[in-house]
>>> print(open('my_file_26.cif').read())   # mmCIF, C-alpha atoms and all ligand atoms
data_input
loop_
_atom_site.label_atom_id
_atom_site.label_comp_id
_atom_site.auth_asym_id
_atom_site.auth_seq_id
_atom_site.Cartn_x
_atom_site.Cartn_y
_atom_site.Cartn_z
CA MET A 16 55.75 159.49 106.82
CA THR A 17 58.15 157.04 108.37
CA THR A 18 59.16 153.74 106.90
CA GLY A 19 60.85 152.13 109.88
CA GLU A 20 63.98 151.86 107.76
CA PRO A 21 66.89 153.67 109.44
CA LEU A 22 68.72 156.19 107.25
CA ILE A 23 70.74 158.15 109.80
CA VAL A 24 71.92 156.38 112.96
CA LEU A 25 73.96 158.02 115.71
CA ASP A 26 75.28 155.66 118.34
CA LYS A 27 76.86 157.03 121.52
CA VAL A 28 78.25 160.06 119.75
CA ASN A 29 80.58 162.29 121.74
CA LYS A 30 82.08 165.57 120.65
CA TYR A 31 84.33 167.95 122.55
CA PHE A 32 85.45 171.48 121.78
CA GLY A 33 88.48 171.56 124.09
CA PRO A 34 87.09 170.92 127.56
CA LEU A 35 83.52 171.56 126.42
CA HIS A 36 81.54 168.31 126.02
CA VAL A 37 79.06 169.46 123.35
CA LEU A 38 77.59 166.10 122.35
CA GLN A 39 77.24 163.61 125.17
CA ASP A 40 76.47 160.00 124.30
CA VAL A 41 73.93 161.05 121.70
CA ASP A 42 71.83 158.20 120.30
CA LEU A 43 69.47 159.12 117.50
CA THR A 44 67.89 157.20 114.65
CA VAL A 45 66.17 158.94 111.76
CA ASP A 46 64.15 156.68 109.48
CA ARG A 47 63.81 157.13 105.76
CA GLY A 48 60.98 159.57 105.12
CA GLU A 49 60.93 160.78 108.70
CA VAL A 50 60.89 164.43 109.75
CA VAL A 51 62.70 165.03 113.03
CA VAL A 52 62.59 168.48 114.57
CA VAL A 53 65.37 169.30 117.02
CA ILE A 54 64.68 171.97 119.61
CA GLY A 55 66.49 173.21 122.68
CA PRO A 56 68.17 176.23 124.23
CA SER A 57 70.95 178.12 122.50
CA GLY A 58 74.31 176.42 122.98
CA SER A 59 72.82 172.98 123.60
CA GLY A 60 74.61 171.41 120.62
CA LYS A 61 71.93 171.43 117.91
CA SER A 62 74.14 172.91 115.18
CA THR A 63 77.02 170.65 116.14
CA LEU A 64 74.69 167.66 115.83
CA CYS A 65 73.68 168.70 112.30
CA ARG A 66 77.26 169.39 111.30
CA ALA A 67 78.39 166.04 112.66
CA ILE A 68 75.82 164.22 110.50
CA ASN A 69 77.36 165.88 107.45
CA ARG A 70 80.84 165.39 108.85
CA LEU A 71 81.48 169.11 108.80
CA GLU A 72 82.52 168.39 112.41
CA PRO A 73 84.50 165.28 113.24
CA ILE A 74 83.35 163.44 116.35
CA ASN A 75 85.52 162.12 119.17
CA SER A 76 83.79 158.81 119.78
CA GLY A 77 80.75 156.82 118.82
CA THR A 78 79.53 156.09 115.31
CA ILE A 79 77.33 157.78 112.76
CA THR A 80 76.02 155.68 109.90
CA PHE A 81 74.22 157.00 106.87
CA ASP A 82 72.25 154.64 104.66
CA GLY A 83 73.93 151.63 106.21
CA ARG A 84 77.51 152.87 106.04
CA GLU A 85 79.69 154.57 108.61
CA LEU A 86 80.51 158.17 107.67
CA PRO A 87 83.63 158.30 105.54
CA ALA A 88 86.47 160.41 106.95
CA GLU A 89 87.72 161.93 103.74
CA GLY A 90 88.17 161.73 100.00
CA LYS A 91 85.65 160.81 97.33
CA ALA A 92 83.46 158.87 99.74
CA LEU A 93 83.10 161.95 101.93
CA ALA A 94 82.24 164.14 98.93
CA LYS A 95 79.59 161.59 97.95
CA LEU A 96 78.13 161.62 101.45
CA ARG A 97 77.98 165.42 101.42
CA SER A 98 76.07 165.33 98.14
CA GLU A 99 73.62 162.82 99.63
CA VAL A 100 72.95 164.92 102.72
CA GLY A 101 71.86 168.41 101.78
CA MET A 102 72.21 171.22 104.25
CA VAL A 103 70.32 174.48 104.56
CA PHE A 104 71.73 177.07 106.93
CA GLN A 105 70.40 180.19 108.61
CA SER A 106 72.54 182.30 106.25
CA PHE A 107 71.68 181.29 102.72
CA ASN A 108 75.28 181.37 101.42
CA LEU A 109 74.33 181.97 97.79
CA PHE A 110 77.02 183.12 95.38
CA ALA A 111 76.36 186.84 94.92
CA HIS A 112 77.89 187.10 91.46
CA LYS A 113 75.91 184.17 90.04
CA THR A 114 72.26 184.14 89.01
CA ILE A 115 69.65 182.17 90.93
CA LEU A 116 69.65 179.50 88.22
CA GLU A 117 73.46 179.30 88.20
CA ASN A 118 73.49 178.94 91.98
CA VAL A 119 71.16 175.96 91.77
CA MET A 120 73.09 174.38 88.88
CA LEU A 121 76.55 174.76 90.39
CA GLY A 122 76.73 171.64 92.60
CA PRO A 123 75.49 169.11 90.04
CA VAL A 124 77.66 170.56 87.27
CA LYS A 125 80.87 171.18 89.23
CA VAL A 126 80.75 168.44 91.86
CA ARG A 127 78.84 165.72 90.05
CA LYS A 128 80.04 166.62 86.57
CA GLU A 129 76.54 166.37 85.15
CA LYS A 130 75.66 167.80 81.77
CA ALA A 131 74.60 171.45 82.04
CA SER A 132 71.56 171.00 79.79
CA VAL A 133 70.23 168.18 81.97
CA VAL A 134 70.92 170.11 85.17
CA ARG A 135 69.33 173.30 83.82
CA GLU A 136 66.04 171.53 83.25
CA ARG A 137 66.06 170.01 86.74
CA ALA A 138 67.07 173.33 88.30
CA MET A 139 64.19 175.15 86.59
CA LYS A 140 61.73 172.54 87.82
CA LEU A 141 63.07 172.95 91.35
CA LEU A 142 62.84 176.73 91.18
CA ASP A 143 59.22 176.35 90.07
CA ARG A 144 58.64 173.95 92.92
CA VAL A 145 59.83 176.48 95.51
CA GLY A 146 57.79 179.19 93.77
CA ILE A 147 60.51 181.31 92.16
CA GLY A 148 60.85 180.00 88.63
CA ASN A 149 60.21 183.51 87.35
CA GLN A 150 63.28 184.87 89.20
CA ALA A 151 65.81 182.46 87.68
CA ASP A 152 67.89 185.11 85.92
CA LYS A 153 68.08 187.50 88.84
CA TYR A 154 70.97 187.78 91.30
CA PRO A 155 70.59 186.92 94.99
CA ALA A 156 70.67 190.55 96.14
CA GLN A 157 67.59 191.25 93.99
CA LEU A 158 65.56 188.73 96.00
CA SER A 159 64.03 188.93 99.46
CA GLY A 160 65.46 186.84 102.28
CA GLY A 161 62.58 184.40 102.04
CA GLN A 162 63.13 183.98 98.31
CA GLN A 163 66.88 183.51 98.80
CA GLN A 164 66.26 180.80 101.37
CA ARG A 165 63.92 179.05 98.94
CA VAL A 166 66.72 179.18 96.36
CA ALA A 167 69.03 177.61 98.95
CA ILE A 168 66.51 174.79 99.37
CA ALA A 169 66.29 174.31 95.59
CA ARG A 170 70.09 174.26 95.45
CA ALA A 171 70.21 171.51 98.07
CA LEU A 172 67.52 169.53 96.21
CA ALA A 173 69.43 169.83 92.92
CA MET A 174 71.94 167.31 94.29
CA GLU A 175 69.09 164.81 94.73
CA PRO A 176 69.93 164.23 98.39
CA LYS A 177 68.67 161.30 100.43
CA ALA A 178 68.19 163.60 103.41
CA LEU A 179 68.10 167.31 104.14
CA LEU A 180 69.40 168.99 107.28
CA PHE A 181 68.05 172.42 108.16
CA ASP A 182 69.80 174.52 110.81
CA GLU A 183 67.47 177.33 111.85
CA PRO A 184 66.47 178.07 108.25
CA THR A 185 64.08 180.87 109.17
CA SER A 186 65.95 182.53 112.04
CA ALA A 187 67.52 185.24 109.87
CA LEU A 188 64.29 186.12 108.08
CA ASP A 189 61.90 188.98 108.64
CA PRO A 190 58.74 187.57 110.24
CA GLU A 191 56.59 188.03 107.15
CA MET A 192 58.90 185.74 105.16
CA VAL A 193 59.04 182.84 107.58
CA GLY A 194 55.79 181.31 106.35
CA GLU A 195 56.81 180.98 102.70
CA VAL A 196 59.95 179.02 103.67
CA LEU A 197 58.09 176.82 106.14
CA ASP A 198 55.47 176.11 103.46
CA VAL A 199 58.17 174.77 101.13
CA MET A 200 59.61 172.66 103.96
CA THR A 201 56.16 171.34 104.85
CA SER A 202 55.51 170.22 101.29
CA LEU A 203 58.90 168.49 101.16
CA ALA A 204 57.99 166.71 104.37
CA ARG A 205 54.66 165.60 102.90
CA GLU A 206 56.42 164.32 99.78
CA GLY A 207 58.49 161.99 101.94
CA MET A 208 61.85 163.75 102.18
CA THR A 209 63.90 162.65 105.17
CA MET A 210 64.54 165.82 107.17
CA VAL A 211 66.32 166.87 110.35
CA VAL A 212 65.21 170.39 111.21
CA VAL A 213 66.63 172.58 113.96
CA THR A 214 64.07 175.31 114.50
CA HIS A 215 62.30 177.51 117.01
CA GLU A 216 59.13 177.40 114.90
CA MET A 217 56.92 175.33 117.16
CA GLY A 218 54.01 175.48 114.70
CA PHE A 219 56.15 173.68 112.16
CA ALA A 220 57.25 171.16 114.79
CA ARG A 221 53.64 170.44 115.71
CA HIS A 222 52.34 170.07 112.19
CA ALA A 223 55.19 168.71 110.11
CA ALA A 224 57.34 166.65 112.48
CA ASN A 225 56.99 162.93 113.05
CA ARG A 226 59.15 163.33 116.11
CA VAL A 227 60.47 166.13 118.27
CA VAL A 228 63.88 165.80 119.87
CA PHE A 229 64.73 168.04 122.79
CA MET A 230 68.40 168.78 123.46
CA ALA A 231 69.96 170.51 126.45
CA ASP A 232 73.61 170.78 127.49
CA GLY A 233 74.80 168.39 124.81
CA GLN A 234 72.34 165.68 125.75
CA LEU A 235 69.37 164.37 123.93
CA VAL A 236 67.04 164.74 126.88
CA GLU A 237 63.71 163.68 125.48
CA GLN A 238 62.12 162.62 122.20
CA ASP A 239 58.51 161.95 121.36
CA THR A 240 55.72 162.64 118.89
CA PRO A 241 54.82 166.34 118.72
CA ASP A 242 51.49 165.73 120.45
CA ALA A 243 53.09 163.84 123.32
CA PHE A 244 56.04 166.20 123.65
CA PHE A 245 54.10 169.47 123.60
CA GLY A 246 51.13 168.07 125.50
CA ASN A 247 53.07 166.26 128.17
CA PRO A 248 56.81 167.00 128.33
CA LYS A 249 58.43 164.66 130.81
CA SER A 250 61.69 166.26 131.86
CA ASP A 251 61.96 169.41 133.96
CA ARG A 252 64.32 170.90 131.40
CA ALA A 253 61.83 170.44 128.57
CA LYS A 254 59.00 171.84 130.71
CA ASP A 255 61.14 174.84 131.59
CA PHE A 256 62.14 175.42 127.96
CA LEU A 257 58.56 175.19 126.72
CA SER A 258 57.28 177.51 129.44
CA LYS A 259 59.69 180.16 128.15
CA ILE A 260 58.91 179.90 124.47
CA LEU A 261 55.21 179.03 124.24
P1 LIG B 1 73.23 175.36 119.34
O1 LIG B 1 73.20 175.19 117.87
O2 LIG B 1 72.29 174.47 120.07
O3 LIG B 1 73.06 176.79 119.76
P2 LIG B 1 76.04 174.71 119.04
O4 LIG B 1 76.10 173.33 118.52
O5 LIG B 1 76.26 175.81 118.08
O6 LIG B 1 74.69 174.91 119.85
O7 LIG B 1 77.12 174.87 120.17
C1 LIG B 1 77.22 174.00 121.29
C2 LIG B 1 78.34 174.49 122.19
O8 LIG B 1 79.58 174.35 121.51
C3 LIG B 1 78.23 175.96 122.57
O9 LIG B 1 78.68 176.11 123.90
C4 LIG B 1 79.16 176.63 121.60
O10 LIG B 1 79.68 177.82 122.14
C5 LIG B 1 80.25 175.59 121.42
N1 LIG B 1 80.89 175.62 120.09
C6 LIG B 1 80.27 175.50 118.90
N2 LIG B 1 81.16 175.53 117.88
C7 LIG B 1 82.38 175.67 118.45
C8 LIG B 1 83.73 175.73 117.94
N3 LIG B 1 83.96 175.65 116.63
N4 LIG B 1 84.72 175.87 118.84
C9 LIG B 1 84.48 175.93 120.16
N5 LIG B 1 83.25 175.85 120.71
C10 LIG B 1 82.21 175.73 119.88
MG MG B 2 72.81 176.56 116.36
#
>>> encode(input="my_file_26.cif", output="C-alpha cells")
Amino acid sequence: MTTGEPLIVLDKVNKYFGPLHVLQDVDLTVDRGEVVVVIGPSGSGKSTLCRAINRLEPINSGTITFDGRELPAEGKALAKLRSEVGMVFQSFNLFAHKTILENVMLGPVKVRKEKASVVRERAMKLLDRVGIGNQADKYPAQLSGGQQQRVAIARALAMEPKALLFDEPTSALDPEMVGEVLDVMTSLAREGMTMVVVTHEMGFARHAANRVVFMADGQLVEQDTPDAFFGNPKSDRAKDFLSKIL
C-alpha cells in the first residue's frame, strides 16, 4: 500500500569508509505505507544504507530526510528520530537477563518515560500480535530463534515507529523458523507499515514488496515492482545476481 507521500527521502547520498566508496550518489524515496525490499550481493552497501537512514552511520554528502525533516545530527532530535524509525537486525540483541515482556517494555519506559502500566498493556498486545503472548514471562534463551526475532519486532513496534528497517532479519535463523518471522512481517506490510527490508528471501520480495531495489557496489542499480524486476531485470548485474540465487 503506497500513499504517494514521501516518508524517507535520500538525495545523492555518499558514504565512505576510508577509501571505500560504500554509498555512491544514492537516491531513494520511500513513501508512507510502502514496503521496499533491498537486495544485492554481500558487501554492496545494504546494511550501510539502513544504518544511514537511522543515522547509526553518518554520511559524507547528500541529504536524508525523514517525515519532511533532515536527519538530526545529535541530541534529543536524534533520539526522537531513532524512536520513530525502528530497526530489526539479523542478531536479535535482546537483553538476556530480562524477560520477554521487559524487553518489549524497556524502550517506551526508559527512553520515552511512559508509564509502565500503559506500556505493559501495549507490550502484551504486541506480543499477542506476533504470536508469543504466552511466553511473556520467559527469558530470551528459553525461546527459539524465530520466537526471539518476533520479540525483537514487537520491541521495535512498542516505540510506535513511523517506519521499520529490517536488515536480514531471517539470515541467522534455522530454515524452519524463517516462515514464522516472514509471516509477521507480511502482516505488518498488509497493515500499512512503512518498511525497508534487506533480505535474501525472494518469496517475501515477490509477495510483500511494493518495490524491489537492487544494489551493487554501493550503487542503486535498478528499482522496479517485484513483477517487473524478477520477470525482466534490466541491468547485467541484476541478471547475473538473480541467475545465481533463483
Ligand atoms: P552489505 O550489507 O550489502 O553486505 P555493507 O553495507 O555491510 O554491505 O558493507 C558495504 C561495504 O562497506 C563492504 O565492503 C564492507 O566491508 C564495508 N564496511 C561496512 N562497515 C564498515 C566499517 N564500519 N568500516 C569499514 N568498512 C566497512
Ligand atoms: Mg549487510
>>> closest_atom_pairs(input="my_file_26.cif", of="chain A", to="ligand MG 2 (chain B)", cutoff="7 Å", atoms="only C-alpha atoms and all ligand atoms", output="JSON lines")
{"residue": "A:Ser57", "atom": "CA", "partner": "B:MG2", "partner_atom": "MG", "distance": 6.6}
{"residue": "A:Gly58", "atom": "CA", "partner": "B:MG2", "partner_atom": "MG", "distance": 6.8}
{"residue": "A:Gly60", "atom": "CA", "partner": "B:MG2", "partner_atom": "MG", "distance": 6.9}
{"residue": "A:Lys61", "atom": "CA", "partner": "B:MG2", "partner_atom": "MG", "distance": 5.4}
{"residue": "A:Ser62", "atom": "CA", "partner": "B:MG2", "partner_atom": "MG", "distance": 4.1}
{"residue": "A:Asp182", "atom": "CA", "partner": "B:MG2", "partner_atom": "MG", "distance": 6.6}
>>> write_last_selection(input="my_file_26.cif", atoms="C-alpha atoms", output="PDB file, in the frame of the given file")
ATOM      1  CA  SER A  57      70.950 178.120 122.500  1.00  0.00           C
ATOM      2  CA  GLY A  58      74.310 176.420 122.980  1.00  0.00           C
ATOM      3  CA  GLY A  60      74.610 171.410 120.620  1.00  0.00           C
ATOM      4  CA  LYS A  61      71.930 171.430 117.910  1.00  0.00           C
ATOM      5  CA  SER A  62      74.140 172.910 115.180  1.00  0.00           C
ATOM      6  CA  ASP A 182      69.800 174.520 110.810  1.00  0.00           C
TER       7      ASP A 182
END
>>> closest_residue(input="my_file_26.cif", among="A:Pro123, A:Gly55, A:Phe229, A:Ser106", to="His215 in chain A", atoms="all atoms listed in the file")
A:Gly55
>>> closest_atom_pairs(input="my_file_26.cif", of="chain A", to="ligand LIG 1 (chain B)", cutoff="10 Å", atoms="all atoms listed in the file", output="Markdown table")
| residue | atom | partner | partner_atom | distance |
| --- | --- | --- | --- | --- |
| A:Lys30 | CA | B:LIG1 | O8 | 9.2 |
| A:Tyr31 | CA | B:LIG1 | O8 | 8.0 |
| A:Phe32 | CA | B:LIG1 | C9 | 4.8 |
| A:Gly33 | CA | B:LIG1 | C9 | 7.1 |
| A:Pro34 | CA | B:LIG1 | N5 | 9.3 |
| A:Leu35 | CA | B:LIG1 | O8 | 6.9 |
| A:His36 | CA | B:LIG1 | O8 | 7.8 |
| A:Val37 | CA | B:LIG1 | C2 | 5.2 |
| A:Leu38 | CA | B:LIG1 | C1 | 8.0 |
| A:Val53 | CA | B:LIG1 | O2 | 9.2 |
| A:Ile54 | CA | B:LIG1 | O2 | 8.0 |
| A:Gly55 | CA | B:LIG1 | O2 | 6.5 |
| A:Pro56 | CA | B:LIG1 | O2 | 6.1 |
| A:Ser57 | CA | B:LIG1 | O3 | 3.7 |
| A:Gly58 | CA | B:LIG1 | O3 | 3.5 |
| A:Ser59 | CA | B:LIG1 | O2 | 3.9 |
| A:Gly60 | CA | B:LIG1 | O4 | 3.2 |
| A:Lys61 | CA | B:LIG1 | O2 | 3.7 |
| A:Ser62 | CA | B:LIG1 | O1 | 3.6 |
| A:Thr63 | CA | B:LIG1 | O4 | 3.7 |
| A:Leu64 | CA | B:LIG1 | O4 | 6.4 |
| A:Cys65 | CA | B:LIG1 | O4 | 8.1 |
| A:Arg66 | CA | B:LIG1 | O4 | 8.3 |
| A:Ala67 | CA | B:LIG1 | O4 | 9.6 |
| A:Glu72 | CA | B:LIG1 | N3 | 8.5 |
| A:Asp182 | CA | B:LIG1 | O1 | 7.9 |
| A:Glu183 | CA | B:LIG1 | O1 | 8.6 |
| A:Val213 | CA | B:LIG1 | O1 | 8.1 |
| A:Thr214 | CA | B:LIG1 | O1 | 9.7 |
| A:Met230 | CA | B:LIG1 | O2 | 7.7 |
| A:Ala231 | CA | B:LIG1 | O2 | 7.9 |
| A:Asp232 | CA | B:LIG1 | C1 | 7.9 |
| A:Gly233 | CA | B:LIG1 | C1 | 7.1 |
>>> closest_residue(input="my_file_26.cif", among="A:Ala243, A:Thr185, A:Ile23, A:Ser202", to="Ala223 in chain A", atoms="all atoms listed in the file")
A:Ser202
>>> residues_around(input="my_file_26.cif", residues="Met217 in chain A", least_positions_apart="2", cutoff="10 Å", atoms="all atoms listed in the file", output="list in words")
Val52, Ile54, Thr214, His215, Phe219, Ala220, Arg221, His222, Ala223, Ala224, Val227, Pro241, Phe245, Leu257, Ile260 and Leu261 of chain A
>>> write_last_selection(input="my_file_26.cif", atoms="C-alpha atoms", output="compact mmCIF listing (two decimals), keeping the file's coordinate frame")
# COMPACT_ATOMS: atom_id res chain seq x y z
CA VAL A 52 62.59 168.48 114.57
CA ILE A 54 64.68 171.97 119.61
CA THR A 214 64.07 175.31 114.50
CA HIS A 215 62.30 177.51 117.01
CA PHE A 219 56.15 173.68 112.16
CA ALA A 220 57.25 171.16 114.79
CA ARG A 221 53.64 170.44 115.71
CA HIS A 222 52.34 170.07 112.19
CA ALA A 223 55.19 168.71 110.11
CA ALA A 224 57.34 166.65 112.48
CA VAL A 227 60.47 166.13 118.27
CA PRO A 241 54.82 166.34 118.72
CA PHE A 245 54.10 169.47 123.60
CA LEU A 257 58.56 175.19 126.72
CA ILE A 260 58.91 179.90 124.47
CA LEU A 261 55.21 179.03 124.24
>>> closest_residue(input="my_file_26.cif", among="A:Ala173, A:Gly160, A:Met208, A:Met120", to="Gly194 in chain A", atoms="only C-alpha atoms")
A:Gly160
>>> closest_residue(input="my_file_26.cif", among="A:Gln39, A:Gln157, A:Asn69, A:Ser76", to="Val103 in chain A", atoms="all atoms listed in the file")
A:Asn69
>>> axis_aligned_box(input="my_file_26.cif", around="range 43-58 of chain A", padding_each_side="5 Å", output="AutoDock Vina command-line options")
--center_x 67.6 --center_y 167.4 --center_z 114.7 --size_x 23.4 --size_y 31.4 --size_z 29.1
>>> closest_residue(input="my_file_26.cif", among="A:Val199, A:Asp239, A:Pro73, A:Leu141", to="Pro87 in chain A", atoms="all atoms listed in the file")
A:Pro73
>>> atom_distance(input="my_file_26.cif", atom1="CA of Ala204 in chain A", atom2="CA of Gly77 in chain A")
28.7 Å
>>> atom_distance(input="my_file_26.cif", atom1="CA of Ala171 in chain A", atom2="CA of Met102 in chain A")
6.5 Å
